[in-house]
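Student: So here's protein_24.cif (mmCIF, C-alpha atoms).
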data_run
#
loop_
_atom_site.label_atom_id
_atom_site.label_comp_id
_atom_site.auth_asym_id
_atom_site.auth_seq_id
_atom_site.Cartn_x
_atom_site.Cartn_y
_atom_site.Cartn_z
CA MET A 781 0.00 0.00 0.00
CA ASP A 782 1.50 3.35 -0.99
CA ILE A 783 1.36 6.57 1.02
CA ILE A 784 -1.54 8.04 -0.95
CA SER A 785 -3.66 4.94 -0.39
CA LEU A 786 -2.82 5.00 3.32
CA LEU A 787 -3.77 8.66 3.61
CA THR A 788 -7.00 8.35 1.66
CA HIS A 789 -8.07 5.32 3.68
CA TYR A 790 -6.87 6.13 7.23
CA LYS A 791 -6.55 9.91 6.83
CA TYR A 792 -5.44 11.71 9.98
CA LEU A 793 -4.65 8.53 11.94
CA VAL A 794 -1.73 7.77 9.65
CA LEU A 795 -0.92 11.42 8.89
CA PHE A 796 0.32 12.16 12.40
CA PRO A 797 2.89 9.33 12.77
CA LEU A 798 4.13 9.94 9.23
CA ALA A 799 4.57 13.64 10.04
CA ILE A 800 6.88 12.72 12.93
CA VAL A 801 9.20 10.95 10.52
CA GLU A 802 8.84 12.80 7.21
CA GLY A 803 7.32 16.22 6.90
CA PRO A 804 8.05 18.07 3.62
CA VAL A 805 7.14 15.34 1.14
CA LEU A 806 4.16 14.33 3.26
CA ALA A 807 2.90 17.92 3.31
CA VAL A 808 3.05 18.17 -0.48
CA ILE A 809 1.18 14.87 -0.83
CA ALA A 810 -1.37 15.94 1.81
CA GLY A 811 -1.83 19.22 -0.07
CA PHE A 812 -2.53 17.23 -3.22
CA LEU A 813 -5.11 15.15 -1.34
CA CYS A 814 -6.66 18.34 0.07
CA SER A 815 -6.97 19.78 -3.43
CA ASN A 816 -8.89 16.64 -4.45
CA GLY A 817 -11.18 16.70 -1.40
CA PHE A 818 -9.77 13.67 0.43
CA LEU A 819 -8.36 15.68 3.36
CA ASN A 820 -9.22 19.00 4.98
CA PRO A 821 -6.31 21.49 5.01
CA LEU A 822 -7.61 23.01 8.27
CA TYR A 823 -6.94 19.65 9.97
CA VAL A 824 -3.87 18.65 7.96
CA PHE A 825 -1.82 21.76 8.76
CA PRO A 826 -1.87 21.51 12.58
CA VAL A 827 -1.45 17.72 12.50
CA ILE A 828 1.65 17.97 10.31
CA VAL A 829 3.16 20.85 12.30
CA PHE A 830 2.55 19.06 15.61
CA GLY A 831 4.00 15.80 14.24
CA ASP A 832 7.06 17.67 12.98
CA LEU A 833 7.57 19.27 16.40
CA ILE A 834 7.36 15.85 18.07
CA GLY A 835 10.01 14.52 15.67
CA ASP A 836 12.23 17.53 16.33
CA SER A 837 11.80 17.09 20.08
CA ILE A 838 12.83 13.43 19.87
CA CYS A 839 15.95 14.31 17.89
CA TYR A 840 16.76 17.19 20.27
CA SER A 841 16.35 14.83 23.24
CA MET A 842 18.80 12.33 21.77
CA GLY A 843 21.34 15.13 21.38
CA ARG A 844 20.71 16.52 24.83
CA TRP A 845 20.70 13.33 26.88
CA GLY A 846 23.25 11.23 25.15
CA MET A 847 24.63 9.93 21.93
CA PRO A 848 24.33 6.19 21.38
CA LYS A 849 27.72 4.47 21.54
CA PHE A 850 27.71 3.31 17.90
CA ILE A 851 27.03 6.86 16.66
CA ARG A 852 29.87 8.15 18.86
CA LYS A 853 32.23 5.63 17.22
CA ILE A 854 31.13 6.63 13.72
CA ALA A 855 31.48 10.33 14.56
CA TRP A 856 34.98 9.76 15.95
CA ARG A 857 36.03 7.95 12.75
CA LEU A 858 34.68 10.83 10.68
CA GLY A 859 36.88 13.25 12.58
CA LEU A 860 34.27 14.58 14.97
CA SER A 861 36.34 14.70 18.10
CA PRO A 862 35.07 16.09 21.38
CA ARG A 863 37.04 19.24 20.49
CA SER A 864 35.20 19.76 17.18
CA ILE A 865 31.87 19.04 18.85
CA GLU A 866 32.75 21.66 21.45
CA LYS A 867 33.43 24.19 18.66
CA ALA A 868 29.99 23.44 17.18
CA ARG A 869 28.47 23.78 20.64
CA ILE A 870 30.06 27.23 21.04
CA TYR A 871 28.65 28.28 17.66
CA PHE A 872 25.20 27.02 18.65
CA ASP A 873 25.45 28.88 21.96
CA SER A 874 26.31 32.15 20.24
CA ASN A 875 23.77 31.80 17.39
CA PRO A 876 21.01 29.48 18.65
CA VAL A 877 18.05 30.97 16.80
CA ARG A 878 19.82 31.24 13.44
CA THR A 879 21.36 27.78 13.72
CA VAL A 880 18.17 25.99 14.73
CA PHE A 881 16.16 27.84 12.07
CA LEU A 882 18.66 26.94 9.34
CA SER A 883 18.71 23.34 10.57
CA LYS A 884 14.92 23.20 10.28
CA ILE A 885 14.75 24.50 6.73
CA THR A 886 17.77 22.61 5.38
CA LEU A 887 16.61 19.44 3.66
CA GLY A 888 18.68 16.35 4.25
CA ILE A 889 21.07 17.39 7.01
CA GLY A 890 18.74 19.40 9.23
CA VAL A 891 18.43 16.48 11.63
CA ALA A 892 22.13 16.83 12.48
CA GLY A 893 21.62 20.48 13.39
CA ILE A 894 18.61 19.67 15.56
CA TYR A 895 20.63 16.92 17.26
CA MET A 896 23.48 19.39 17.85
CA ALA A 897 21.04 21.92 19.30
CA GLY A 898 20.23 19.38 22.00
CA ASN A 899 23.90 18.52 22.40
CA ALA A 900 24.72 22.22 22.79
CA ARG A 901 22.12 22.38 25.59
CA ILE A 902 20.09 25.15 23.97
CA SER A 903 17.10 25.69 26.23
CA TYR A 904 14.17 23.58 25.11
CA GLY A 905 11.81 26.56 25.30
CA LYS A 906 13.91 28.58 22.86
CA PHE A 907 14.46 25.54 20.66
CA ILE A 908 10.78 24.64 20.38
CA ARG A 909 9.73 28.26 19.70
CA VAL A 910 12.18 28.51 16.80
CA CYS A 911 11.09 25.09 15.51
CA LEU A 912 7.44 26.10 15.71
CA ILE A 913 8.01 29.28 13.70
CA ALA A 914 10.13 27.44 11.12
CA SER A 915 7.57 24.62 10.86
CA LEU A 916 4.69 27.02 10.40
CA ILE A 917 6.54 28.78 7.57
CA GLN A 918 7.73 25.52 6.00
CA TYR A 919 4.39 23.81 6.00
CA VAL A 920 2.47 26.78 4.68
CA PHE A 921 4.84 26.58 1.71
CA TYR A 922 4.80 22.77 1.28
CA LEU A 923 1.07 22.32 1.88
CA GLY A 924 0.39 25.30 -0.38
CA ALA A 925 2.57 23.76 -3.09
CA GLY A 926 0.56 20.56 -2.85
CA LEU A 927 -2.73 22.47 -2.97
CA ILE A 928 -1.70 24.66 -5.91
CA PHE A 929 0.19 22.15 -8.00
CA GLY A 930 -1.99 19.17 -7.10
CA ASN A 931 -1.02 16.32 -9.37
CA ALA A 932 2.53 17.52 -9.78
CA TYR A 933 3.42 16.18 -6.32
CA LEU A 934 5.53 13.36 -7.79
CA GLN A 935 7.64 15.86 -9.69
CA ILE A 936 7.97 18.11 -6.62
CA ASN A 937 8.96 15.08 -4.54
CA HIS A 938 11.59 14.20 -7.14
CA TYR A 939 13.15 17.69 -6.91
CA ILE A 940 13.03 17.72 -3.11
CA ASP A 941 14.80 14.34 -3.10
CA LYS A 942 17.45 15.64 -5.52
CA ILE A 943 18.08 18.74 -3.42
CA ALA A 944 18.30 16.67 -0.24
CA SER A 945 20.67 14.21 -1.97
CA ILE A 946 22.94 17.03 -3.15
CA ILE A 947 23.04 18.52 0.34
CA ILE A 948 23.79 15.14 1.96
CA ILE A 949 26.52 14.30 -0.55
CA SER A 950 28.06 17.76 -0.11
CA ALA A 951 28.00 17.41 3.68
CA LEU A 952 29.61 13.96 3.49
CA GLY A 953 32.23 15.34 1.10
CA ILE A 954 33.05 18.15 3.52
CA ILE A 955 33.26 15.68 6.42
CA LEU A 956 35.52 13.41 4.35
CA PHE A 957 37.72 16.37 3.39
CA ILE A 958 38.02 17.48 7.03
CA SER A 959 38.76 13.90 8.13
CA ILE A 960 41.50 13.43 5.54
CA ARG A 961 42.98 16.83 6.35
CA SER A 962 42.92 15.97 10.04
CA LEU A 963 44.64 12.63 9.43
CA LEU A 964 47.31 14.29 7.27
CA LYS A 965 48.05 16.83 9.99
CA LYS A 966 48.67 13.97 12.44
CA ILE A 967 51.18 12.34 10.10
#
What is this structure when it is put down as structure tokens?

Tutor:
Amino acid sequence: MDIISLLTHYKYLVLFPLAIVEGPVLAVIAGFLCSNGFLNPLYVFPVIVFGDLIGDSICYSMGRWGMPKFIRKIAWRLGLSPRSIEKARIYFDSNPVRTVFLSKITLGIGVAGIYMAGNARISYGKFIRVCLIASLIQYVFYLGAGLIFGNAYLQINHYIDKIASIIIISALGIILFISIRSLLKKI
């Protein structure tokens, strides 16, 4: 069963858990379904925003209260030493609103920024306010795109996936470059 079938059959019951995991593409699809009368945008918008905030809060919590051991090992191998994490934490401390907002709107690697916001111990109140504002702006755009462009959601999804892929590949390239440079300095 594909996502459209799930949403047309179960509607808001499946919309909420999906919004916790994947927001932008889901919002475009939900907008498409709203434009065809399957869903009501007045219900969809708050459900997606709330689900997105729950997902952000989970990610923030993992950053705040501990990194799983296997992720710590991977991070160490990629050159993310406690010293580099401390540098990121200082940047987050000095620019929390900007950093969290950019993390929210950056497709693909935004989860890392949200995780680091928790790791940097940004107050949850400030974090959730910034996330709420960013989510409201984001989902007006994505839901609106789905409503306006309707059947073009597959094409929009394709471009969102490409953009996210480019961002992820670029981020991995930068991490690889930094790791190699760090190893060469040690030699």

Student: Could you tell me how far CA of Gln918 (chain A) lies from CA of Ile828 (chain A), in Å and to one decimal?

Tutor: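 CA of Ile828 (chain A) lies 10.6 Å from CA of Gln918 (chain A).
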
Student: Starting from 6 Å padding per side, set up an axis-aligned box that covers all listed atoms of region 781-786 of chain A and hand over centre and edge lengths in Å, one decimal, as lines of an AutoDock Vina configuration file.

Tutor:
center_x = -1.1
center_y = 4.0
center_z = 1.2
size_x = 17.2
size_y = 20.0
size_z = 16.3

Student: Could you tell me which of A:Leu798, A:Leu786, A:Ile902, A:Val891 comes closest to Val877 (chain A) if we count all atoms listed in the file?

Tutor: A:Ile902

Student: Write out as a PyMOL selection string the residues lying within 10 Å of region 835-847 of chain A, counting all atoms listed in the file and excluding same-chain residues fewer than 6 positions away.

Tutor: chain A and resi 797-803+829+853+884+890-904+907-908+911-912

Student: Residues near Tyr792 (chain A), anyone? I mean within 9 Å using all atoms listed in the file, not counting same-chain ones fewer than 6 positions away, as number ranges by chain.

Tutor: A: 819, 823-824, 827

Student: For Lys942 (chain A), which of A:Ile955, A:Leu887, A:Leu916, A:Leu923 is the closest residue, counting all atoms listed in the file?

Tutor: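 Answer, going by the shortest atom-to-atom distance: A:Leu887.
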
Student: Got a sec: who's within 12 Å of Thr788 (chain A), counting all atoms listed in the file, leaving out chain neighbours fewer than 5 positions off, as a list in words?

Tutor: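 Counting only the stated atoms, we get Met781, Asp782, Ile783, Leu793, Val794, Leu795, Ile809, Ala810, Phe812, Leu813, Cys814, Asn816, Gly817, Phe818, Leu819 and Asn820 of chain A.
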
Student: How many Å separate CA of Ile784 (chain A) from CA of Gly926 (chain A)?

Tutor: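 Going from CA of Ile784 (chain A) over to CA of Gly926 (chain A), I get 12.8 Å.
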
Student: In Å, rounded to a single decimal, give me how far CA of Tyr922 (chain A) is from CA of Pro804 (chain A).

Tutor: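 Here the two named atoms are 6.2 Å from each other.
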
Student: Counting all atoms listed in the file, figure out which residue out of A:Ala925, A:Val910, A:Ile967, A:Ile949 gets nearest to Phe881 (chain A).

Tutor: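 Nearest to Phe881 (chain A): A:Val910.
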
Student: Any chance you could build region 806-825 of chain A out to N, CA and C atoms and write it as an mmCIF file, in the frame of the given file?

Tutor:
data_model
loop_
_atom_site.group_PDB
_atom_site.id
_atom_site.type_symbol
_atom_site.label_atom_id
_atom_site.label_comp_id
_atom_site.auth_asym_id
_atom_site.auth_seq_id
_atom_site.Cartn_x
_atom_site.Cartn_y
_atom_site.Cartn_z
ATOM 1 N N LEU A 806 5.501 14.644 2.777
ATOM 2 C CA LEU A 806 4.160 14.330 3.260
ATOM 3 C C LEU A 806 3.227 15.534 3.118
ATOM 4 N N ALA A 807 3.733 16.717 3.412
ATOM 5 C CA ALA A 807 2.900 17.920 3.310
ATOM 6 C C ALA A 807 2.485 18.193 1.871
ATOM 7 N N VAL A 808 3.394 17.982 0.928
ATOM 8 C CA VAL A 808 3.050 18.170 -0.480
ATOM 9 C C VAL A 808 1.982 17.161 -0.903
ATOM 10 N N ILE A 809 2.160 15.905 -0.502
ATOM 11 C CA ILE A 809 1.180 14.870 -0.830
ATOM 12 C C ILE A 809 -0.166 15.179 -0.171
ATOM 13 N N ALA A 810 -0.117 15.589 1.099
ATOM 14 C CA ALA A 810 -1.370 15.940 1.810
ATOM 15 C C ALA A 810 -2.046 17.125 1.143
ATOM 16 N N GLY A 811 -1.265 18.096 0.671
ATOM 17 C CA GLY A 811 -1.830 19.220 -0.070
ATOM 18 C C GLY A 811 -2.537 18.758 -1.330
ATOM 19 N N PHE A 812 -1.911 17.819 -2.030
ATOM 20 C CA PHE A 812 -2.530 17.230 -3.220
ATOM 21 C C PHE A 812 -3.862 16.574 -2.861
ATOM 22 N N LEU A 813 -3.879 15.820 -1.763
ATOM 23 C CA LEU A 813 -5.110 15.150 -1.340
ATOM 24 C C LEU A 813 -6.164 16.154 -0.880
ATOM 25 N N CYS A 814 -5.719 17.267 -0.302
ATOM 26 C CA CYS A 814 -6.660 18.340 0.070
ATOM 27 C C CYS A 814 -7.280 18.954 -1.173
ATOM 28 N N SER A 815 -6.456 19.153 -2.209
ATOM 29 C CA SER A 815 -6.970 19.780 -3.430
ATOM 30 C C SER A 815 -7.989 18.879 -4.130
ATOM 31 N N ASN A 816 -7.938 17.579 -3.850
ATOM 32 C CA ASN A 816 -8.890 16.640 -4.450
ATOM 33 C C ASN A 816 -10.011 16.251 -3.489
ATOM 34 N N GLY A 817 -10.074 16.911 -2.325
ATOM 35 C CA GLY A 817 -11.180 16.700 -1.400
ATOM 36 C C GLY A 817 -11.071 15.508 -0.470
ATOM 37 N N PHE A 818 -9.916 14.826 -0.451
ATOM 38 C CA PHE A 818 -9.770 13.670 0.430
ATOM 39 C C PHE A 818 -9.445 14.074 1.876
ATOM 40 N N LEU A 819 -8.750 15.177 2.037
ATOM 41 C CA LEU A 819 -8.360 15.680 3.360
ATOM 42 C C LEU A 819 -8.768 17.138 3.487
ATOM 43 N N ASN A 820 -8.876 17.612 4.708
ATOM 44 C CA ASN A 820 -9.220 19.000 4.980
ATOM 45 C C ASN A 820 -7.950 19.742 5.408
ATOM 46 N N PRO A 821 -7.550 20.788 4.674
ATOM 47 C CA PRO A 821 -6.310 21.490 5.010
ATOM 48 C C PRO A 821 -6.336 22.117 6.411
ATOM 49 N N LEU A 822 -7.518 22.429 6.934
ATOM 50 C CA LEU A 822 -7.610 23.010 8.270
ATOM 51 C C LEU A 822 -7.248 21.992 9.357
ATOM 52 N N TYR A 823 -7.366 20.713 9.046
ATOM 53 C CA TYR A 823 -6.940 19.650 9.970
ATOM 54 C C TYR A 823 -5.508 19.213 9.662
ATOM 55 N N VAL A 824 -5.183 19.146 8.385
ATOM 56 C CA VAL A 824 -3.870 18.650 7.960
ATOM 57 C C VAL A 824 -2.747 19.536 8.504
ATOM 58 N N PHE A 825 -2.894 20.843 8.371
ATOM 59 C CA PHE A 825 -1.820 21.760 8.760
ATOM 60 C C PHE A 825 -1.406 21.587 10.226
#
